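Below: the structure, in structure tokens.
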Amino acid sequence: LGAFDALTELYTSLAAKHYFYGAWKRHCQYRESHVALAYEQLDDWAGAQAAYERAQTKARGGVLPFSESEYCLWETRWVEATRRLQSWDMLLDLGLHESLPEIELDAGWRVWDWNERGAQVRQLLKAAPTEFASSARARFYEAFLALSRGAGGTGSGSKSADFQRMCKEGIRACLQQWNDLPAVGTPAHTTLLHMFQLMVELGDASNIYASLSTTKADNLEAKSGDLKSVLQTWRERLPNNSDPINIWSDLVAWRQHVFKAINDVYVPFISQQQQQQKADDGDGEGSTPAPATKGTQKNKASRKGGESNGDSDAASKDDSKATGNNGTNNSVLTSYAYRGYHEMAWIINRFAHVARLHGLVDVCINSLTRIYTLPNIEIQEAFLKLREQAKCYYHRPDELQSGLDVISNTNLMYFSLPQKAEFFTLKGQFLAKLSKLDEANHAFATGIQFDLASHKAWAAWGRYNDERFCNNMPDTTGAVNAISCYMQAAGLAKRPRVRRYLARTLWLLSQDDAAGNVCAAFDAYKSEMPTWYWIAFVPQLLAGLDAPYARQAQQLLLRIAKQYPQALYYALRTAREEALVARLRQPDQSSNASTGSPAQQSQQQQQQQQQPSLAADELMPKLKTAHPLLALSMETMIDHIVHRLKPCPEEDIYRLVHALLADSLQQLHAAVMSQPRGSLSLVDTIVANTCRVALSLPAGAIKTRFEQDFGSVRGMDLCEYVTKMYQWQQMLRRAIRGRRPRALMLSMFGPLLVEFEQQKFEDVEVPGQYLRLTDSADDFVRIERFIPTLEVVLRS
């Protein structure tokens, strides 16, 4: 058990959670541990927390004769689940009553005002275990205390020796931990990178505190401008959305400490400014107060919902033009004085968004409620807050009406047109989920009227109509509306997610009625076509040349041929060859057809088989006309590869024999594994394929021997067939290896390929790169030349 504890401790240090879960699931004694660990693996932290609580309750009640190791698992994982749920008040009480300084510090970092509890924090750091006291986290706490103490006292805290020493020790501890980790990246590296980020931002904070110590009312604009660049850098320096929520929570807590320090210095200037304004108004005898201007109204609106949309500095400058000198000072100082609160609102909204992505809906809602405590926020942040809150309710069926009430009760007066469009789109989604279809359709239409360029609104309206069509098939009214919305969204978005709209568009085209209403709706779209994103559907479009939407598929393929010929050329060439083979086989199929079939049905089948070939034959000349030199280079290259490097007859026979052997082995495996054991007689498919291979072999000794061995294939059992087919495979392998050398000179087969660098007219891309689903072809690899030596490889 000691070795097992050491192993799980190692997994914990490396943050290898899946190895940790697997090890404990194999060694735990009780079902409660299995259930709790399963909840953790599903990222259901509320369920995991409840499961660990039940296990500990049973253990304390004597129901489970627990072991010390497993009870320690329940305790430590319960703490981790509580951290993920952001229940810091609960952890603070636990650390206080159980005398756990590390947990108390971790929770106090999110809850306390450290300027007021500096002495208590220092006592906890002294009482912490030695391992934690020497860690980078403890050094970070001490450095922040030194920074706050210096800034609150003499104003030289950013340059104090204690602060600099703590920063160096913290960075040294981080480097030591990094050196202890494996060279291969692990999840533990993510946590350590976060610690590095905190140490870097601690240095930025020292500059912020130094600026705050010299800030006065007359230089507030200049000092606030200095902070703006640092705070903008902090907005861009964020963890990934997939990083653990505790990393985000730690970063938010750290930055809120700094933002509070900014507020403590900047906000008092507002009261000073108001007193100065009253004194100036009292000096003017007989003067009448100036009427409220647009800037004054905007400031009043900001106290209810936030500042105007966009940069608050720019808004303040616009307001200053509408007011006098006093109004100028008023708007500028108010804008700069609330900068800390604006940054708080921004980071809280970002954290709430990530929490919702992690499925922590309660954490998201609780975080958003903190914005109500801020005296001033920007309009953009008020919009983001309401949007995140509504989306949280949207994922809870029991609270759909509450989310709809949040949207309906929102005053949209101060929001921009795109924001109003998004609000009405959300309202439509809520109404659709509440089965209020007509009201939902009206809400979607209203959102589009506010902003015709909103691809999100068009896409949401398209999904709504798509669902209505699926529920009311075969009525194509919903499909017609969905096609129009999807195409508008695809033309406006121009991003990879457009492909999901195009995929639904293809499916809706395949569900067209006899009147062709869906195809007519597709043809009615006259705006910009996202041709690049249609490239991913080239195989479906080629297959659609014999579908009811053949004309639409042909038009899309023609667009691709003109703009991105290399994305279509190889697939179109293959489709033409397959259609040609099918046309050659058509007389044989018609002669073998029953004489009782009607002539009209036979004629329709013939037209359906010829239609894809004719459409492909029309596309290829147009591609060559649009890009003659490029088409010539590609055609010459492909012809030499296909005709000059084609396999010998033995290699073709080997390929067919290998396929027959694989089919027979698959049947043998299924027969042996079935209960009861299946029949060992050959299935009709293998018999037919074997006869077809015998007929296709060229005349000679190989065909004669193959007919001798497999002439009576219908009477063979499966084991005999597999044995003979394996012997044929080995015989052909030896013959091919004896005839073919390991390497060949390319000049023996295709002189043009050797001189391709001089013979090509335009750059030819390496085939297959368009399947990577990238956003452009700028970084695609072009063929410069062919290596003069060919390596011969025999596939098994």
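Chain labels follow the order of the structure tokens: the first chain is A, the next B, and so on; residue numbering restarts at 1 in every chain, and ligands are counted from 1 in their shown order.
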
Selection near Ala51 (chain A), 9 Å with only C-alpha atoms, sequence-local residues under 4 positions removed, as a PDB file with C-alpha atoms, in the first residue's frame:
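In the end it all went to result.pdb:
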ATOM      1  CA  GLU A  32     -18.676   5.201  -3.159  1.00  0.00           C
ATOM      2  CA  SER A  33     -15.115   5.865  -4.332  1.00  0.00           C
ATOM      3  CA  VAL A  35     -18.976   6.703  -8.088  1.00  0.00           C
ATOM      4  CA  ALA A  36     -17.184   9.850  -6.932  1.00  0.00           C
ATOM      5  CA  LEU A  37     -14.230   9.300  -9.273  1.00  0.00           C
ATOM      6  CA  TYR A  39     -18.266  12.039 -11.461  1.00  0.00           C
ATOM      7  CA  ALA A  46     -21.189  18.969  -7.828  1.00  0.00           C
ATOM      8  CA  GLY A  47     -21.939  15.258  -8.089  1.00  0.00           C
ATOM      9  CA  ALA A  55     -18.754   8.469   1.730  1.00  0.00           C
ATOM     10  CA  GLN A  56     -17.327  10.453   4.659  1.00  0.00           C
ATOM     11  CA  TRP A  74     -12.255  11.408   0.064  1.00  0.00           C
ATOM     12  CA  TRP A  78     -13.679  16.856  -1.727  1.00  0.00           C
TER      13      TRP A  78
END

Test item: residues at most 10 Å from region 557-571 of chain A, only C-alpha atoms, excluding those fewer than 5 positions along its chain, as number ranges by chain: A: 529-539, 541-542, 545, 551-552, 576, 616, 618-620, 622-627, 630-631, 634-635, 638, 764-771, 777

Among region 455-640 of chain A, which residues does DSSP mark as helix (DSSP H, G or I) when it is run on the backbone? Keep the chain and numbering as in the structure and answer as a PDB file with C-alpha atoms, in the first residue's frame.
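What follows is the written file out-v4.pdb:
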ATOM      1  CA  HIS A 455     -24.491  36.264 -39.264  1.00  0.00           C
ATOM      2  CA  LYS A 456     -25.360  34.917 -35.800  1.00  0.00           C
ATOM      3  CA  ALA A 457     -28.926  36.160 -36.139  1.00  0.00           C
ATOM      4  CA  TRP A 458     -29.290  34.648 -39.613  1.00  0.00           C
ATOM      5  CA  ALA A 459     -27.841  31.330 -38.443  1.00  0.00           C
ATOM      6  CA  ALA A 460     -30.139  31.158 -35.397  1.00  0.00           C
ATOM      7  CA  TRP A 461     -33.169  31.911 -37.563  1.00  0.00           C
ATOM      8  CA  GLY A 462     -31.992  29.223 -39.979  1.00  0.00           C
ATOM      9  CA  ARG A 463     -31.736  26.609 -37.213  1.00  0.00           C
ATOM     10  CA  TYR A 464     -35.212  27.557 -36.039  1.00  0.00           C
ATOM     11  CA  ASN A 465     -36.698  27.047 -39.521  1.00  0.00           C
ATOM     12  CA  ASP A 466     -34.648  23.881 -39.961  1.00  0.00           C
ATOM     13  CA  GLU A 467     -36.168  22.377 -36.829  1.00  0.00           C
ATOM     14  CA  ARG A 468     -39.644  23.384 -37.947  1.00  0.00           C
ATOM     15  CA  PHE A 469     -39.090  21.637 -41.274  1.00  0.00           C
ATOM     16  CA  CYS A 470     -37.868  18.446 -39.570  1.00  0.00           C
ATOM     17  CA  ASN A 471     -40.986  18.444 -37.386  1.00  0.00           C
ATOM     18  CA  THR A 477     -41.848  25.899 -46.131  1.00  0.00           C
ATOM     19  CA  GLY A 478     -39.384  25.597 -43.252  1.00  0.00           C
ATOM     20  CA  ALA A 479     -36.692  24.231 -45.575  1.00  0.00           C
ATOM     21  CA  VAL A 480     -37.105  27.177 -47.960  1.00  0.00           C
ATOM     22  CA  ASN A 481     -36.725  29.675 -45.123  1.00  0.00           C
ATOM     23  CA  ALA A 482     -33.823  27.745 -43.597  1.00  0.00           C
ATOM     24  CA  ILE A 483     -31.927  27.680 -46.911  1.00  0.00           C
ATOM     25  CA  SER A 484     -32.261  31.451 -47.251  1.00  0.00           C
ATOM     26  CA  CYS A 485     -31.057  32.047 -43.689  1.00  0.00           C
ATOM     27  CA  TYR A 486     -28.153  29.593 -43.893  1.00  0.00           C
ATOM     28  CA  MET A 487     -26.877  31.093 -47.132  1.00  0.00           C
ATOM     29  CA  GLN A 488     -27.071  34.621 -45.701  1.00  0.00           C
ATOM     30  CA  ALA A 489     -25.179  33.489 -42.590  1.00  0.00           C
ATOM     31  CA  ALA A 490     -22.550  31.715 -44.691  1.00  0.00           C
ATOM     32  CA  GLY A 491     -22.024  34.765 -46.888  1.00  0.00           C
ATOM     33  CA  LEU A 492     -21.624  37.098 -43.910  1.00  0.00           C
ATOM     34  CA  ALA A 493     -19.580  34.971 -41.495  1.00  0.00           C
ATOM     35  CA  VAL A 498     -19.690  28.269 -42.052  1.00  0.00           C
ATOM     36  CA  ARG A 499     -19.226  24.628 -43.063  1.00  0.00           C
ATOM     37  CA  ARG A 500     -21.929  23.501 -40.627  1.00  0.00           C
ATOM     38  CA  TYR A 501     -24.410  25.791 -42.417  1.00  0.00           C
ATOM     39  CA  LEU A 502     -23.358  24.483 -45.819  1.00  0.00           C
ATOM     40  CA  ALA A 503     -23.736  20.869 -44.662  1.00  0.00           C
ATOM     41  CA  ARG A 504     -27.307  21.556 -43.581  1.00  0.00           C
ATOM     42  CA  THR A 505     -27.905  23.360 -46.868  1.00  0.00           C
ATOM     43  CA  LEU A 506     -26.895  20.271 -48.860  1.00  0.00           C
ATOM     44  CA  TRP A 507     -29.183  18.080 -46.781  1.00  0.00           C
ATOM     45  CA  LEU A 508     -32.107  20.445 -47.237  1.00  0.00           C
ATOM     46  CA  LEU A 509     -31.519  20.489 -51.004  1.00  0.00           C
ATOM     47  CA  SER A 510     -31.755  16.686 -51.017  1.00  0.00           C
ATOM     48  CA  ASN A 517     -39.186  25.090 -53.991  1.00  0.00           C
ATOM     49  CA  VAL A 518     -36.029  24.412 -51.976  1.00  0.00           C
ATOM     50  CA  CYS A 519     -33.767  24.599 -55.019  1.00  0.00           C
ATOM     51  CA  ALA A 520     -35.533  27.767 -56.087  1.00  0.00           C
ATOM     52  CA  ALA A 521     -34.761  29.313 -52.692  1.00  0.00           C
ATOM     53  CA  PHE A 522     -31.096  28.397 -53.157  1.00  0.00           C
ATOM     54  CA  ASP A 523     -31.074  29.972 -56.621  1.00  0.00           C
ATOM     55  CA  THR A 531     -16.705  29.322 -52.378  1.00  0.00           C
ATOM     56  CA  TRP A 532     -13.656  28.436 -50.262  1.00  0.00           C
ATOM     57  CA  TYR A 533     -15.739  26.647 -47.645  1.00  0.00           C
ATOM     58  CA  TRP A 534     -17.645  24.695 -50.297  1.00  0.00           C
ATOM     59  CA  ILE A 535     -14.372  22.919 -51.177  1.00  0.00           C
ATOM     60  CA  ALA A 536     -14.839  20.582 -48.200  1.00  0.00           C
ATOM     61  CA  PHE A 537     -18.028  19.278 -49.890  1.00  0.00           C
ATOM     62  CA  VAL A 538     -16.582  18.541 -53.343  1.00  0.00           C
ATOM     63  CA  PRO A 539     -17.231  14.743 -53.031  1.00  0.00           C
ATOM     64  CA  GLN A 540     -20.839  15.395 -51.989  1.00  0.00           C
ATOM     65  CA  LEU A 541     -21.310  17.876 -54.818  1.00  0.00           C
ATOM     66  CA  LEU A 542     -19.956  15.415 -57.377  1.00  0.00           C
ATOM     67  CA  ALA A 543     -22.275  12.745 -56.019  1.00  0.00           C
ATOM     68  CA  GLY A 544     -25.104  15.276 -56.204  1.00  0.00           C
ATOM     69  CA  LEU A 545     -24.760  15.583 -59.985  1.00  0.00           C
ATOM     70  CA  ASP A 546     -27.340  12.793 -60.272  1.00  0.00           C
ATOM     71  CA  ALA A 550     -27.869  18.555 -59.854  1.00  0.00           C
ATOM     72  CA  ARG A 551     -28.050  22.048 -61.406  1.00  0.00           C
ATOM     73  CA  GLN A 552     -27.174  23.726 -58.098  1.00  0.00           C
ATOM     74  CA  ALA A 553     -24.315  21.277 -57.489  1.00  0.00           C
ATOM     75  CA  GLN A 554     -22.981  21.936 -60.979  1.00  0.00           C
ATOM     76  CA  GLN A 555     -23.056  25.707 -60.405  1.00  0.00           C
ATOM     77  CA  LEU A 556     -21.116  25.350 -57.143  1.00  0.00           C
ATOM     78  CA  LEU A 557     -18.554  23.066 -58.767  1.00  0.00           C
ATOM     79  CA  LEU A 558     -18.152  25.577 -61.602  1.00  0.00           C
ATOM     80  CA  ARG A 559     -17.396  28.318 -59.053  1.00  0.00           C
ATOM     81  CA  ILE A 560     -14.778  26.104 -57.415  1.00  0.00           C
ATOM     82  CA  ALA A 561     -13.292  25.237 -60.818  1.00  0.00           C
ATOM     83  CA  LYS A 562     -12.833  28.913 -61.659  1.00  0.00           C
ATOM     84  CA  GLN A 563     -11.436  30.065 -58.296  1.00  0.00           C
ATOM     85  CA  PRO A 565      -9.060  24.594 -59.830  1.00  0.00           C
ATOM     86  CA  GLN A 566      -6.585  22.338 -58.031  1.00  0.00           C
ATOM     87  CA  ALA A 567      -9.155  21.635 -55.307  1.00  0.00           C
ATOM     88  CA  LEU A 568     -11.512  20.151 -57.918  1.00  0.00           C
ATOM     89  CA  TYR A 569      -9.342  18.778 -60.706  1.00  0.00           C
ATOM     90  CA  TYR A 570      -8.293  15.415 -59.258  1.00  0.00           C
ATOM     91  CA  ALA A 571     -11.721  14.577 -57.805  1.00  0.00           C
ATOM     92  CA  LEU A 572     -13.427  15.601 -61.064  1.00  0.00           C
ATOM     93  CA  ARG A 573     -11.013  13.498 -63.113  1.00  0.00           C
ATOM     94  CA  THR A 574     -11.714  10.462 -60.947  1.00  0.00           C
ATOM     95  CA  ALA A 575     -15.476  11.028 -61.196  1.00  0.00           C
ATOM     96  CA  ARG A 576     -15.239  11.166 -65.000  1.00  0.00           C
ATOM     97  CA  GLU A 577     -13.294   7.916 -65.140  1.00  0.00           C
ATOM     98  CA  GLU A 578     -15.754   6.156 -62.827  1.00  0.00           C
ATOM     99  CA  ALA A 579     -18.677   7.421 -64.882  1.00  0.00           C
ATOM    100  CA  LEU A 580     -16.971   6.210 -68.062  1.00  0.00           C
ATOM    101  CA  VAL A 581     -16.491   2.729 -66.578  1.00  0.00           C
ATOM    102  CA  ALA A 582     -20.138   2.670 -65.529  1.00  0.00           C
ATOM    103  CA  ARG A 583     -21.180   3.697 -69.047  1.00  0.00           C
ATOM    104  CA  LEU A 584     -19.117   0.887 -70.571  1.00  0.00           C
ATOM    105  CA  ARG A 585     -20.713  -1.649 -68.238  1.00  0.00           C
ATOM    106  CA  GLN A 586     -24.179  -0.355 -69.003  1.00  0.00           C
ATOM    107  CA  PRO A 587     -24.778  -2.482 -72.160  1.00  0.00           C
ATOM    108  CA  ASP A 588     -23.865  -5.647 -70.234  1.00  0.00           C
ATOM    109  CA  GLN A 589     -26.261  -4.739 -67.430  1.00  0.00           C
ATOM    110  CA  SER A 590     -29.063  -3.942 -69.849  1.00  0.00           C
ATOM    111  CA  SER A 591     -28.578  -7.247 -71.715  1.00  0.00           C
ATOM    112  CA  ASN A 592     -28.701  -9.181 -68.437  1.00  0.00           C
ATOM    113  CA  ALA A 599     -38.944   0.104 -71.605  1.00  0.00           C
ATOM    114  CA  GLN A 600     -39.627   3.433 -69.926  1.00  0.00           C
ATOM    115  CA  GLN A 601     -37.975   2.289 -66.688  1.00  0.00           C
ATOM    116  CA  SER A 602     -34.914   1.096 -68.603  1.00  0.00           C
ATOM    117  CA  GLN A 603     -34.662   4.455 -70.364  1.00  0.00           C
ATOM    118  CA  GLN A 604     -34.851   6.356 -67.062  1.00  0.00           C
ATOM    119  CA  GLN A 605     -32.100   4.210 -65.562  1.00  0.00           C
ATOM    120  CA  GLN A 606     -29.935   4.868 -68.586  1.00  0.00           C
ATOM    121  CA  GLN A 607     -30.444   8.620 -68.275  1.00  0.00           C
ATOM    122  CA  GLN A 608     -29.603   8.551 -64.560  1.00  0.00           C
ATOM    123  CA  GLN A 609     -26.356   6.697 -65.265  1.00  0.00           C
ATOM    124  CA  GLN A 610     -25.350   9.041 -68.061  1.00  0.00           C
ATOM    125  CA  GLN A 611     -26.214  12.286 -66.272  1.00  0.00           C
ATOM    126  CA  PRO A 612     -23.209  12.436 -63.879  1.00  0.00           C
ATOM    127  CA  SER A 613     -20.850  11.667 -66.744  1.00  0.00           C
ATOM    128  CA  LEU A 614     -22.347  14.376 -68.932  1.00  0.00           C
ATOM    129  CA  ALA A 615     -22.200  16.944 -66.121  1.00  0.00           C
ATOM    130  CA  ALA A 616     -18.579  16.048 -65.373  1.00  0.00           C
ATOM    131  CA  ASP A 617     -17.752  16.265 -69.068  1.00  0.00           C
ATOM    132  CA  GLU A 618     -19.169  19.787 -69.112  1.00  0.00           C
ATOM    133  CA  LEU A 619     -17.186  20.905 -66.074  1.00  0.00           C
ATOM    134  CA  MET A 620     -13.752  19.701 -67.179  1.00  0.00           C
ATOM    135  CA  PRO A 621     -13.581  21.810 -70.405  1.00  0.00           C
ATOM    136  CA  LYS A 622     -14.673  24.878 -68.454  1.00  0.00           C
ATOM    137  CA  LEU A 623     -11.928  24.293 -65.886  1.00  0.00           C
ATOM    138  CA  LYS A 624      -9.352  23.915 -68.660  1.00  0.00           C
ATOM    139  CA  THR A 625     -10.626  27.057 -70.395  1.00  0.00           C
ATOM    140  CA  ALA A 626     -10.354  29.114 -67.207  1.00  0.00           C
ATOM    141  CA  PRO A 628      -5.303  26.355 -69.505  1.00  0.00           C
ATOM    142  CA  LEU A 629      -1.636  26.285 -68.475  1.00  0.00           C
ATOM    143  CA  LEU A 630      -2.326  24.938 -64.999  1.00  0.00           C
ATOM    144  CA  ALA A 631      -4.651  22.265 -66.382  1.00  0.00           C
ATOM    145  CA  LEU A 632      -2.019  21.246 -68.926  1.00  0.00           C
ATOM    146  CA  SER A 633       0.647  20.889 -66.229  1.00  0.00           C
ATOM    147  CA  MET A 634      -1.620  18.807 -63.977  1.00  0.00           C
ATOM    148  CA  GLU A 635      -2.943  16.649 -66.833  1.00  0.00           C
ATOM    149  CA  THR A 636       0.535  15.863 -68.107  1.00  0.00           C
ATOM    150  CA  MET A 637       1.796  15.011 -64.644  1.00  0.00           C
ATOM    151  CA  ILE A 638      -1.154  12.736 -63.812  1.00  0.00           C
ATOM    152  CA  ASP A 639      -1.031  10.958 -67.198  1.00  0.00           C
ATOM    153  CA  HIS A 640       2.639  10.093 -66.751  1.00  0.00           C
TER     154      HIS A 640
END

Spatial neighbours of Arg785 (chain A), 9 Å, only C-alpha atoms, chain gap at least 3 places, as a PyMOL selection string: chain A and resi 753-758+788

Quick one: residues within 12 Å of Ala128 (chain A), only C-alpha atoms, excluding same-chain residues fewer than 5 positions away - as a short mmCIF file (atom, residue, chain, number, x, y, z; two decimals) with all heavy atoms, in the first residue's frame?
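Saved to part-v6.cif:
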data_model
loop_
_atom_site.label_atom_id
_atom_site.label_comp_id
_atom_site.auth_asym_id
_atom_site.auth_seq_id
_atom_site.Cartn_x
_atom_site.Cartn_y
_atom_site.Cartn_z
N GLY A 95 -10.62 25.68 6.65
CA GLY A 95 -9.26 25.99 7.04
C GLY A 95 -9.15 26.62 8.40
O GLY A 95 -8.19 26.39 9.15
N SER A 99 -7.54 24.22 11.25
CA SER A 99 -6.16 24.72 11.32
C SER A 99 -5.35 24.27 10.11
O SER A 99 -4.32 23.61 10.23
CB SER A 99 -5.50 24.27 12.64
OG SER A 99 -6.18 24.79 13.75
N LEU A 100 -5.85 24.61 8.94
CA LEU A 100 -5.17 24.29 7.68
C LEU A 100 -4.78 25.61 7.01
O LEU A 100 -5.56 26.19 6.25
CB LEU A 100 -6.09 23.46 6.77
CG LEU A 100 -6.57 22.12 7.33
CD1 LEU A 100 -7.62 21.50 6.42
CD2 LEU A 100 -5.39 21.17 7.51
N PRO A 101 -3.58 26.13 7.31
CA PRO A 101 -3.20 27.45 6.79
C PRO A 101 -3.18 27.53 5.27
O PRO A 101 -3.54 28.58 4.71
CB PRO A 101 -1.80 27.66 7.37
CG PRO A 101 -1.70 26.72 8.53
CD PRO A 101 -2.55 25.54 8.18
N GLU A 102 -2.79 26.45 4.61
CA GLU A 102 -2.69 26.50 3.15
C GLU A 102 -4.07 26.70 2.52
O GLU A 102 -4.24 27.52 1.60
CB GLU A 102 -2.05 25.21 2.64
CG GLU A 102 -1.76 25.22 1.15
CD GLU A 102 -1.02 23.97 0.72
OE1 GLU A 102 -0.60 23.18 1.60
OE2 GLU A 102 -0.85 23.79 -0.50
N ILE A 103 -5.07 25.95 3.01
CA ILE A 103 -6.42 26.09 2.47
C ILE A 103 -7.00 27.46 2.85
O ILE A 103 -7.67 28.12 2.05
CB ILE A 103 -7.31 24.95 2.99
CG1 ILE A 103 -6.82 23.61 2.42
CG2 ILE A 103 -8.76 25.19 2.63
CD1 ILE A 103 -7.61 22.42 2.90
N GLU A 104 -6.71 27.91 4.07
CA GLU A 104 -7.23 29.21 4.50
C GLU A 104 -6.64 30.34 3.68
O GLU A 104 -7.33 31.30 3.33
CB GLU A 104 -6.92 29.41 5.99
CG GLU A 104 -7.64 30.59 6.60
CD GLU A 104 -7.44 30.67 8.11
OE1 GLU A 104 -6.84 29.73 8.68
OE2 GLU A 104 -7.89 31.67 8.70
N LEU A 105 -5.36 30.24 3.35
CA LEU A 105 -4.74 31.26 2.49
C LEU A 105 -5.33 31.23 1.09
O LEU A 105 -5.59 32.28 0.48
CB LEU A 105 -3.24 31.03 2.44
CG LEU A 105 -2.41 31.50 3.63
CD1 LEU A 105 -0.99 30.99 3.53
CD2 LEU A 105 -2.43 33.03 3.72
N ASP A 106 -5.54 30.02 0.56
CA ASP A 106 -6.08 29.90 -0.79
C ASP A 106 -7.48 30.49 -0.87
O ASP A 106 -7.83 31.18 -1.84
CB ASP A 106 -6.11 28.42 -1.19
CG ASP A 106 -6.29 28.25 -2.69
OD1 ASP A 106 -6.07 29.22 -3.43
OD2 ASP A 106 -6.66 27.14 -3.12
N VAL A 121 -2.52 37.34 7.51
CA VAL A 121 -1.90 36.57 6.42
C VAL A 121 -0.46 36.21 6.77
O VAL A 121 -0.01 35.08 6.51
CB VAL A 121 -1.97 37.38 5.11
CG1 VAL A 121 -1.16 36.69 4.02
CG2 VAL A 121 -3.42 37.55 4.66
N ARG A 122 0.28 37.13 7.39
CA ARG A 122 1.66 36.83 7.76
C ARG A 122 1.71 35.73 8.81
O ARG A 122 2.60 34.86 8.78
CB ARG A 122 2.34 38.10 8.27
CG ARG A 122 2.51 39.18 7.20
CD ARG A 122 3.32 40.36 7.71
NE ARG A 122 3.24 41.47 6.78
CZ ARG A 122 2.33 42.44 6.82
NH1 ARG A 122 1.43 42.45 7.81
NH2 ARG A 122 2.32 43.40 5.93
N GLN A 123 0.78 35.72 9.73
CA GLN A 123 0.74 34.65 10.73
C GLN A 123 0.44 33.31 10.07
O GLN A 123 1.03 32.28 10.44
CB GLN A 123 -0.32 34.97 11.78
CG GLN A 123 0.02 36.17 12.67
CD GLN A 123 -1.08 36.47 13.67
OE1 GLN A 123 -2.11 35.80 13.69
NE2 GLN A 123 -0.86 37.50 14.51
N ALA A 133 5.77 26.82 2.68
CA ALA A 133 6.44 28.08 2.99
C ALA A 133 7.59 28.37 2.04
O ALA A 133 7.95 29.53 1.82
CB ALA A 133 6.94 28.05 4.44
N SER A 134 8.20 27.32 1.48
CA SER A 134 9.31 27.52 0.55
C SER A 134 8.88 27.49 -0.91
O SER A 134 9.73 27.51 -1.81
CB SER A 134 10.37 26.43 0.78
OG SER A 134 9.80 25.14 0.57
N SER A 135 7.56 27.43 -1.16
CA SER A 135 7.07 27.32 -2.53
C SER A 135 6.97 28.69 -3.19
O SER A 135 7.06 29.74 -2.54
CB SER A 135 5.69 26.64 -2.55
OG SER A 135 4.75 27.44 -1.86
N ARG A 137 4.30 29.91 -4.52
CA ARG A 137 3.05 30.54 -4.12
C ARG A 137 3.23 31.37 -2.84
O ARG A 137 2.73 32.50 -2.75
CB ARG A 137 2.00 29.45 -3.91
CG ARG A 137 0.72 29.90 -3.25
CD ARG A 137 -0.06 30.89 -4.09
NE ARG A 137 -0.49 30.33 -5.34
CZ ARG A 137 -1.30 30.95 -6.20
NH1 ARG A 137 -1.73 32.17 -5.90
NH2 ARG A 137 -1.64 30.39 -7.32
N ALA A 138 3.94 30.83 -1.84
CA ALA A 138 4.18 31.58 -0.61
C ALA A 138 5.02 32.83 -0.89
O ALA A 138 4.75 33.91 -0.32
CB ALA A 138 4.87 30.68 0.41
#

For Asp652 (chain A): contacts at 10 Å, only C-alpha atoms, fewer than 6 positions along chain excluded, given as a list in words: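 The contact residues come out as Lys646, His658 and Leu697 of chain A.
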
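Nearest to Asp162 (chain A) of all the residues A:Cys174, A:Leu660, A:Ile702, A:Ala143 is A:Ala143, based on only C-alpha atoms.
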
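Within region 686-776 of chain A, the backbone-based DSSP assignment of strand (DSSP E or B) covers Asp717, Ala743, Leu744, Met745 and Glu765 of chain A.
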
Nearest residue to Asn246 (chain A) from the set A:Trp346, A:Trp88, A:Tyr19, A:Phe132 (distances using only C-alpha atoms):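 Using only C-alpha atoms, Asn246 (chain A) sits closest to A:Trp88.
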
List as a short mmCIF file (atom, residue, chain, number, x, y, z; two decimals) with N, CA, C and O atoms, in the first residue's frame the protein and nucleic acid residues near Met199 (chain A), meaning an atom at most 8 Å away when only C-alpha atoms are counted, but skip any in the same chain fewer than 3 places from it.
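New file part_39.cif:
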data_model
loop_
_atom_site.label_atom_id
_atom_site.label_comp_id
_atom_site.auth_asym_id
_atom_site.auth_seq_id
_atom_site.Cartn_x
_atom_site.Cartn_y
_atom_site.Cartn_z
N PHE A 140 5.04 34.50 -3.62
CA PHE A 140 4.16 35.44 -4.32
C PHE A 140 3.30 36.20 -3.31
O PHE A 140 3.15 37.43 -3.41
N CYS A 167 10.43 38.60 -5.08
CA CYS A 167 10.21 38.30 -6.50
C CYS A 167 11.28 37.37 -7.04
O CYS A 167 10.98 36.39 -7.75
N GLY A 170 10.73 33.91 -5.65
CA GLY A 170 9.58 33.26 -6.28
C GLY A 170 9.91 32.74 -7.66
O GLY A 170 9.54 31.62 -8.02
N ILE A 171 10.63 33.54 -8.45
CA ILE A 171 11.01 33.08 -9.80
C ILE A 171 11.98 31.91 -9.70
O ILE A 171 11.89 30.95 -10.48
N MET A 195 1.84 30.24 -12.71
CA MET A 195 2.61 30.86 -11.64
C MET A 195 3.64 31.84 -12.21
O MET A 195 3.86 32.93 -11.66
N PHE A 196 4.25 31.47 -13.33
CA PHE A 196 5.16 32.39 -14.00
C PHE A 196 4.43 33.67 -14.42
O PHE A 196 4.97 34.78 -14.30
N LEU A 202 3.23 40.56 -11.34
CA LEU A 202 3.62 41.21 -10.10
C LEU A 202 4.60 42.35 -10.38
O LEU A 202 4.54 43.42 -9.75
N GLY A 203 5.50 42.14 -11.35
CA GLY A 203 6.38 43.24 -11.75
C GLY A 203 5.61 44.37 -12.40
O GLY A 203 5.92 45.55 -12.17
#

Distance query Arg83 (chain A) at most 10 Å, only C-alpha atoms, self and fewer than 2 positions along chain excluded, as a list in words: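 Counting only C-alpha atoms, the residues come to Trp45, Arg77, Trp78, Val79, Glu80, Ala81, Leu85, Gln86, Ser87, Trp88, Met90, Leu91, Ile103, Asp106, Ala107, Ile245, Asn246 and Ser249 of chain A.
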